[in-house]
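Quick look at entry35.txt (compact mmCIF, C-alpha atoms and all ligand atoms):
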# COMPACT_ATOMS: atom_id res chain seq x y z
CA MET A 30 18.55 -18.07 32.58
CA ILE A 31 18.42 -14.50 31.25
CA SER A 32 19.22 -13.97 27.58
CA ILE A 33 21.33 -10.87 26.90
CA LEU A 34 20.62 -11.39 23.18
CA LYS A 35 17.67 -13.01 21.43
CA VAL A 36 17.63 -13.00 17.65
CA ASN A 37 14.19 -14.09 16.44
CA ASN A 38 13.56 -15.05 12.82
CA ILE A 39 15.93 -12.45 11.38
CA SER A 40 16.41 -12.09 7.63
CA SER A 41 18.81 -9.52 6.25
CA GLY A 42 21.02 -8.71 3.29
CA TYR A 43 22.06 -6.23 0.64
CA GLY A 44 19.39 -4.63 -1.53
CA GLU A 45 17.20 -7.36 -2.97
CA ILE A 46 19.54 -10.16 -1.96
CA LEU A 47 18.92 -11.87 1.39
CA ALA A 48 22.24 -13.07 2.78
CA ILE A 49 20.70 -14.60 5.94
CA ARG A 50 17.22 -16.05 6.38
CA GLY A 51 15.11 -16.93 9.41
CA ILE A 52 17.95 -16.82 11.93
CA ASN A 53 17.24 -17.65 15.59
CA ILE A 54 20.04 -17.41 18.13
CA HIS A 55 20.30 -16.82 21.86
CA VAL A 56 23.20 -15.63 23.98
CA GLU A 57 22.63 -16.11 27.70
CA ASN A 58 24.08 -13.76 30.29
CA GLU A 59 27.85 -14.19 30.77
CA GLN A 60 27.97 -16.93 28.14
CA ILE A 61 30.44 -17.34 25.26
CA VAL A 62 28.62 -18.48 22.12
CA GLY A 63 30.32 -19.59 18.91
CA LEU A 64 29.13 -19.02 15.35
CA ILE A 65 30.91 -21.11 12.73
CA GLY A 66 30.48 -21.65 9.02
CA PRO A 67 32.26 -21.49 5.66
CA ASN A 68 33.15 -18.37 3.63
CA GLY A 69 30.11 -16.48 2.42
CA ALA A 70 27.75 -18.22 4.89
CA GLY A 71 26.50 -14.88 6.21
CA LYS A 72 28.38 -14.70 9.52
CA THR A 73 29.53 -11.09 9.12
CA THR A 74 26.12 -10.06 7.79
CA LEU A 75 24.51 -11.48 10.95
CA LEU A 76 26.87 -9.58 13.29
CA LYS A 77 26.38 -6.35 11.31
CA THR A 78 22.62 -6.80 11.51
CA ILE A 79 22.71 -7.41 15.27
CA ILE A 80 24.71 -4.24 15.96
CA GLY A 81 22.59 -2.14 13.59
CA PHE A 82 24.83 -1.49 10.56
CA ILE A 83 22.27 -3.34 8.43
CA GLN A 84 18.51 -3.22 9.00
CA PRO A 85 16.85 -6.63 8.91
CA THR A 86 13.96 -7.16 6.47
CA GLU A 87 12.09 -9.23 9.07
CA GLY A 88 12.35 -10.51 12.62
CA THR A 89 13.17 -9.01 16.01
CA ILE A 90 16.36 -8.58 18.03
CA MET A 91 16.07 -8.31 21.80
CA PHE A 92 19.14 -6.94 23.57
CA ASP A 93 19.17 -6.69 27.35
CA GLY A 94 15.38 -6.90 27.41
CA LYS A 95 14.70 -4.28 24.70
CA GLU A 96 13.83 -4.52 21.03
CA ILE A 97 16.66 -2.97 19.00
CA GLN A 98 16.20 -4.07 15.38
CA SER A 99 15.17 -0.62 14.22
CA GLN A 100 17.71 1.33 16.30
CA ARG A 101 20.82 2.95 14.87
CA VAL A 102 24.26 1.57 15.59
CA GLU A 103 25.34 4.51 17.85
CA ARG A 104 22.36 3.93 20.13
CA ILE A 105 22.98 0.17 20.28
CA VAL A 106 26.66 0.73 21.14
CA SER A 107 25.68 3.24 23.85
CA SER A 108 23.33 0.68 25.35
CA GLY A 109 26.18 -1.82 25.77
CA MET A 110 27.06 -3.75 22.63
CA ALA A 111 30.42 -3.63 20.81
CA LEU A 112 31.87 -5.22 17.69
CA VAL A 113 35.44 -6.32 17.04
CA PRO A 114 35.19 -6.22 13.25
CA GLU A 115 36.57 -8.59 10.64
CA GLY A 116 40.00 -7.26 9.59
CA ARG A 117 40.31 -5.28 12.89
CA GLU A 118 39.83 -1.82 11.33
CA ILE A 119 42.23 0.01 13.57
CA LEU A 120 43.25 3.53 12.60
CA ALA A 121 46.75 2.98 11.29
CA THR A 122 48.30 6.41 11.78
CA LEU A 123 46.83 7.11 15.21
CA THR A 124 48.70 5.88 18.27
CA VAL A 125 47.69 2.79 20.19
CA GLN A 126 46.28 4.92 23.00
CA GLU A 127 44.35 7.17 20.61
CA ASN A 128 42.76 4.07 19.08
CA LEU A 129 41.72 2.88 22.53
CA GLU A 130 40.30 6.27 23.48
CA LEU A 131 38.19 6.24 20.32
CA GLY A 132 36.43 3.17 21.68
CA ALA A 133 35.02 5.31 24.49
CA TYR A 134 33.51 7.94 22.15
CA CYS A 135 29.95 7.10 23.17
CA ARG A 136 30.67 7.49 26.90
CA LYS A 137 30.25 10.52 29.08
CA ASP A 138 31.20 9.01 32.45
CA LYS A 139 34.42 9.51 34.40
CA GLY A 140 35.61 5.90 34.36
CA ILE A 141 37.45 6.07 31.05
CA LYS A 142 40.91 6.43 32.57
CA ASP A 143 40.40 3.44 34.88
CA ASP A 144 39.23 1.35 31.96
CA LEU A 145 42.34 2.28 29.98
CA THR A 146 44.42 1.03 32.93
CA LYS A 147 42.41 -2.18 33.01
CA ILE A 148 42.94 -2.79 29.28
CA TYR A 149 46.66 -2.22 29.68
CA ASP A 150 46.59 -4.87 32.43
CA TYR A 151 44.99 -7.38 30.07
CA PHE A 152 47.33 -6.43 27.22
CA PRO A 153 50.67 -5.22 28.68
CA ILE A 154 52.16 -5.04 25.18
CA LEU A 155 49.67 -2.29 24.31
CA LYS A 156 50.84 -0.28 27.30
CA GLU A 157 54.43 -0.67 26.19
CA ARG A 158 53.51 0.48 22.67
CA ARG A 159 50.92 3.09 23.67
CA ASN A 160 52.64 6.05 22.01
CA PHE A 161 53.48 4.23 18.78
CA ALA A 162 51.37 4.41 15.63
CA ALA A 163 49.00 1.45 15.42
CA ASN A 164 50.47 0.34 12.09
CA THR A 165 53.77 -0.49 13.80
CA LEU A 166 52.07 -3.34 15.71
CA SER A 167 52.18 -6.99 14.65
CA GLY A 168 48.97 -8.72 13.50
CA GLY A 169 48.37 -10.24 16.93
CA GLN A 170 48.96 -6.92 18.67
CA GLN A 171 46.54 -5.20 16.26
CA GLN A 172 43.90 -7.80 17.11
CA MET A 173 44.49 -7.10 20.82
CA LEU A 174 44.11 -3.39 20.09
CA SER A 175 40.85 -3.99 18.28
CA ILE A 176 39.53 -6.01 21.24
CA GLY A 177 40.77 -3.38 23.69
CA ARG A 178 39.08 -0.60 21.72
CA ALA A 179 35.77 -2.47 21.78
CA LEU A 180 36.10 -2.99 25.55
CA MET A 181 36.54 0.77 26.03
CA SER A 182 32.82 1.20 25.37
CA ARG A 183 32.19 -1.04 28.43
CA PRO A 184 30.04 -3.56 26.59
CA LYS A 185 27.70 -6.08 28.19
CA LEU A 186 27.85 -8.04 24.94
CA LEU A 187 30.93 -8.27 22.73
CA LEU A 188 30.61 -9.46 19.13
CA LEU A 189 33.86 -10.71 17.58
CA ASP A 190 34.26 -11.39 13.85
CA GLU A 191 37.02 -13.96 13.25
CA PRO A 192 39.49 -12.81 15.92
CA SER A 193 41.97 -15.57 14.95
CA MET A 194 42.16 -14.60 11.27
CA GLY A 195 45.72 -14.41 9.95
CA LEU A 196 47.35 -15.10 13.32
CA ALA A 197 49.96 -17.77 14.16
CA PRO A 198 48.57 -20.64 16.30
CA ILE A 199 50.50 -19.58 19.40
CA ILE A 200 49.09 -16.05 19.15
CA VAL A 201 45.57 -17.43 18.63
CA ASP A 202 45.97 -19.40 21.87
CA ARG A 203 47.04 -16.24 23.70
CA VAL A 204 44.18 -14.13 22.32
CA PHE A 205 41.63 -16.81 23.25
CA GLU A 206 43.08 -17.14 26.78
CA ILE A 207 42.75 -13.39 27.28
CA LEU A 208 39.17 -13.45 25.94
CA LYS A 209 38.31 -16.13 28.48
CA ASP A 210 39.88 -14.07 31.29
CA ILE A 211 38.00 -10.97 30.19
CA GLN A 212 34.71 -12.87 30.08
CA LYS A 213 35.24 -14.14 33.63
CA GLU A 214 36.52 -10.92 35.16
CA GLU A 215 34.20 -8.45 33.46
CA LYS A 216 31.21 -10.82 33.36
CA ILE A 217 30.41 -9.90 29.79
CA SER A 218 28.77 -12.12 27.19
CA MET A 219 30.41 -12.87 23.84
CA LEU A 220 29.23 -13.99 20.42
CA ILE A 221 32.30 -15.08 18.46
CA VAL A 222 32.42 -15.82 14.73
CA GLU A 223 35.24 -18.21 13.89
CA GLN A 224 36.49 -20.42 11.10
CA ASN A 225 38.89 -22.01 13.57
CA THR A 226 36.21 -24.52 14.55
CA LYS A 227 38.22 -26.52 17.03
CA LYS A 228 39.32 -23.48 19.01
CA ILE A 229 35.90 -21.89 19.22
CA LEU A 230 34.20 -25.15 20.21
CA GLU A 231 36.73 -25.44 23.04
CA LEU A 232 36.22 -21.85 24.19
CA SER A 233 32.44 -21.52 23.91
CA GLU A 234 29.60 -23.11 25.84
CA TYR A 235 27.12 -23.27 22.96
CA SER A 236 27.55 -22.94 19.19
CA TYR A 237 25.63 -22.41 15.98
CA VAL A 238 26.62 -23.50 12.49
CA LEU A 239 25.63 -21.19 9.66
CA ARG A 240 25.63 -22.27 6.02
CA ASN A 241 24.13 -20.54 2.97
CA GLY A 242 22.44 -17.98 5.20
CA GLU A 243 20.71 -20.47 7.50
CA ILE A 244 21.47 -22.11 10.84
CA ILE A 245 21.95 -25.79 9.99
CA LYS A 246 23.06 -27.02 13.40
CA GLU A 247 23.33 -25.88 17.01
CA GLY A 248 24.10 -27.33 20.40
CA PRO A 249 26.38 -27.36 23.41
CA SER A 250 29.91 -26.94 22.04
CA ASN A 251 31.27 -30.00 23.85
CA GLU A 252 28.66 -32.10 22.03
CA LEU A 253 29.37 -30.51 18.64
CA ILE A 254 33.09 -31.32 19.02
CA GLY A 255 32.14 -35.00 18.76
CA ASP A 256 29.75 -34.55 15.82
CA PRO A 257 31.16 -36.62 12.94
CA GLN A 258 29.42 -34.56 10.22
CA LEU A 259 30.81 -31.32 11.62
CA VAL A 260 34.25 -32.80 12.09
CA GLU A 261 34.23 -33.93 8.46
CA ALA A 262 33.03 -30.59 7.14
CA TYR A 263 35.09 -28.14 9.16
CA LEU A 264 37.78 -29.60 11.39
N1 LIG A 301 28.35 -5.33 0.80
C1 LIG A 301 27.78 -6.40 0.20
N2 LIG A 301 26.98 -6.25 -0.89
C2 LIG A 301 26.41 -7.30 -1.49
N3 LIG A 301 26.57 -8.59 -1.09
C3 LIG A 301 27.35 -8.80 -0.02
C4 LIG A 301 28.01 -7.73 0.68
N4 LIG A 301 28.72 -8.25 1.70
C5 LIG A 301 28.53 -9.59 1.64
N5 LIG A 301 27.71 -9.93 0.62
C6 LIG A 301 27.25 -11.28 0.26
O1 LIG A 301 26.49 -11.80 1.35
C7 LIG A 301 26.80 -13.17 1.57
C8 LIG A 301 27.26 -13.36 3.00
O2 LIG A 301 28.50 -12.67 3.20
P1 LIG A 301 29.19 -12.51 4.61
O3 LIG A 301 30.31 -11.57 4.45
O4 LIG A 301 28.18 -12.21 5.62
O5 LIG A 301 29.74 -14.01 4.84
P2 LIG A 301 30.77 -14.55 5.92
O6 LIG A 301 30.19 -15.80 6.46
O7 LIG A 301 31.12 -13.48 6.88
O8 LIG A 301 32.04 -14.93 5.01
P3 LIG A 301 33.62 -14.86 5.36
O9 LIG A 301 33.91 -16.13 6.09
O10 LIG A 301 34.27 -14.84 4.02
O11 LIG A 301 33.89 -13.64 6.16
C9 LIG A 301 27.84 -13.56 0.53
O12 LIG A 301 27.17 -14.17 -0.55
C10 LIG A 301 28.42 -12.24 0.11
O13 LIG A 301 28.87 -12.28 -1.21
MG MG A 302 32.87 -12.58 7.39
Represent the structure from my file as structure tokens, please.
Amino acid sequence: MISILKVNNISSGYGEILAIRGINIHVENEQIVGLIGPNGAGKTTLLKTIIGFIQPTEGTIMFDGKEIQSQRVERIVSSGMALVPEGREILATLTVQENLELGAYCRKDKGIKDDLTKIYDYFPILKERRNFAANTLSGGQQQMLSIGRALMSRPKLLLLDEPSMGLAPIIVDRVFEILKDIQKEEKISMLIVEQNTKKILELSEYSYVLRNGEIIKEGPSNELIGDPQLVEAYL
């Protein structure tokens, strides 16, 4: 199998403090991979390091066959990676459509309009609300907007940081269903950080557990669901 992402022995952090140490993870082509762990484990730090917001102090990151650990975030996004950040980070006073168009800022091709149509097909509510300011949307709709904006860069690999945060269970189910559809239809790979352990183990094929900056467990998600230690700690 081809790995779209290979993180090899990555350590990274803030100034002198290493928030993650010796991390190894793989995402295979067209696979959904879960990353779970408690608050402060280093999940966000790992995603920010992969996409190039933070430079690792050691290790290598291979994306789509190329080493990227010393590249800048703009270049990594242009080469096909996108992040749906923790807290969504939509631009509140811009319209829904303006937010989506911003997601295509790295692109120069002519397919942007078609992709907008496609995103409105996945998220009809965004089409309905396209001329409204983003801050008029509900939490679930804002999460959909954040996902849609990331898709506008046409990623091969989508990183998602706690997409279920703050959403009602029924909305979480809807967002996860749409993510599954998108993965199948667009054939993209996803690395999803979640504290909703049960949901991510059901959605993903393979998962990693991060604690205190280190991977303490990994395996096929359907096996981890039955792991008594994990169930006790997180479910
Ligand atoms: N900007 C920063 N400067 C210094 N330390 C930071 C910074 N951001 C995070 N940290 C520290 O790095 C460690 C890992 O934080 P990180 O945000 O990656 O964890 P997380 O697993 O995403 O947690 P959460 O579930 O709360 O989002 C924590 O000890 C945190 O306090
Ligand atoms: Mg986080």
* **Among the residues A:Asn128, A:Ser236, A:Gln212, A:Gln60, the one that comes closest to Ser32 (chain A) [using all atoms listed in the file]** => A:Gln60
* **Residue neighbourhood Val102 (chain A), 8 Å, only C-alpha atoms, exclusion window fewer than 4 positions, as a ChimeraX atom specification** => /A:80-82,106
Output for the residues just chosen: C-alpha atoms as a compact mmCIF listing (two decimals), in the frame of the given file:
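File produced: part-v2.txt:
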# COMPACT_ATOMS: atom_id res chain seq x y z
CA ILE A 80 24.71 -4.24 15.96
CA GLY A 81 22.59 -2.14 13.59
CA PHE A 82 24.83 -1.49 10.56
CA VAL A 106 26.66 0.73 21.14
* Could you tell me which of A:Ile245, A:Ile207, A:Met91, A:Leu239 comes closest to ligand LIG 301 (chain A) if we count all atoms listed in the file? => A:Leu239
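One distance worth recording is that between CA of Ala162 (chain A) and CA of Thr146 (chain A), which is 18.9 Å.
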* **Within 10 Å of ligand MG 302 (chain A), counting only C-alpha atoms and all ligand atoms, residues as a VMD selection string** => chain A and resid 66 to 77 114 to 116 190 to 191 222 to 224
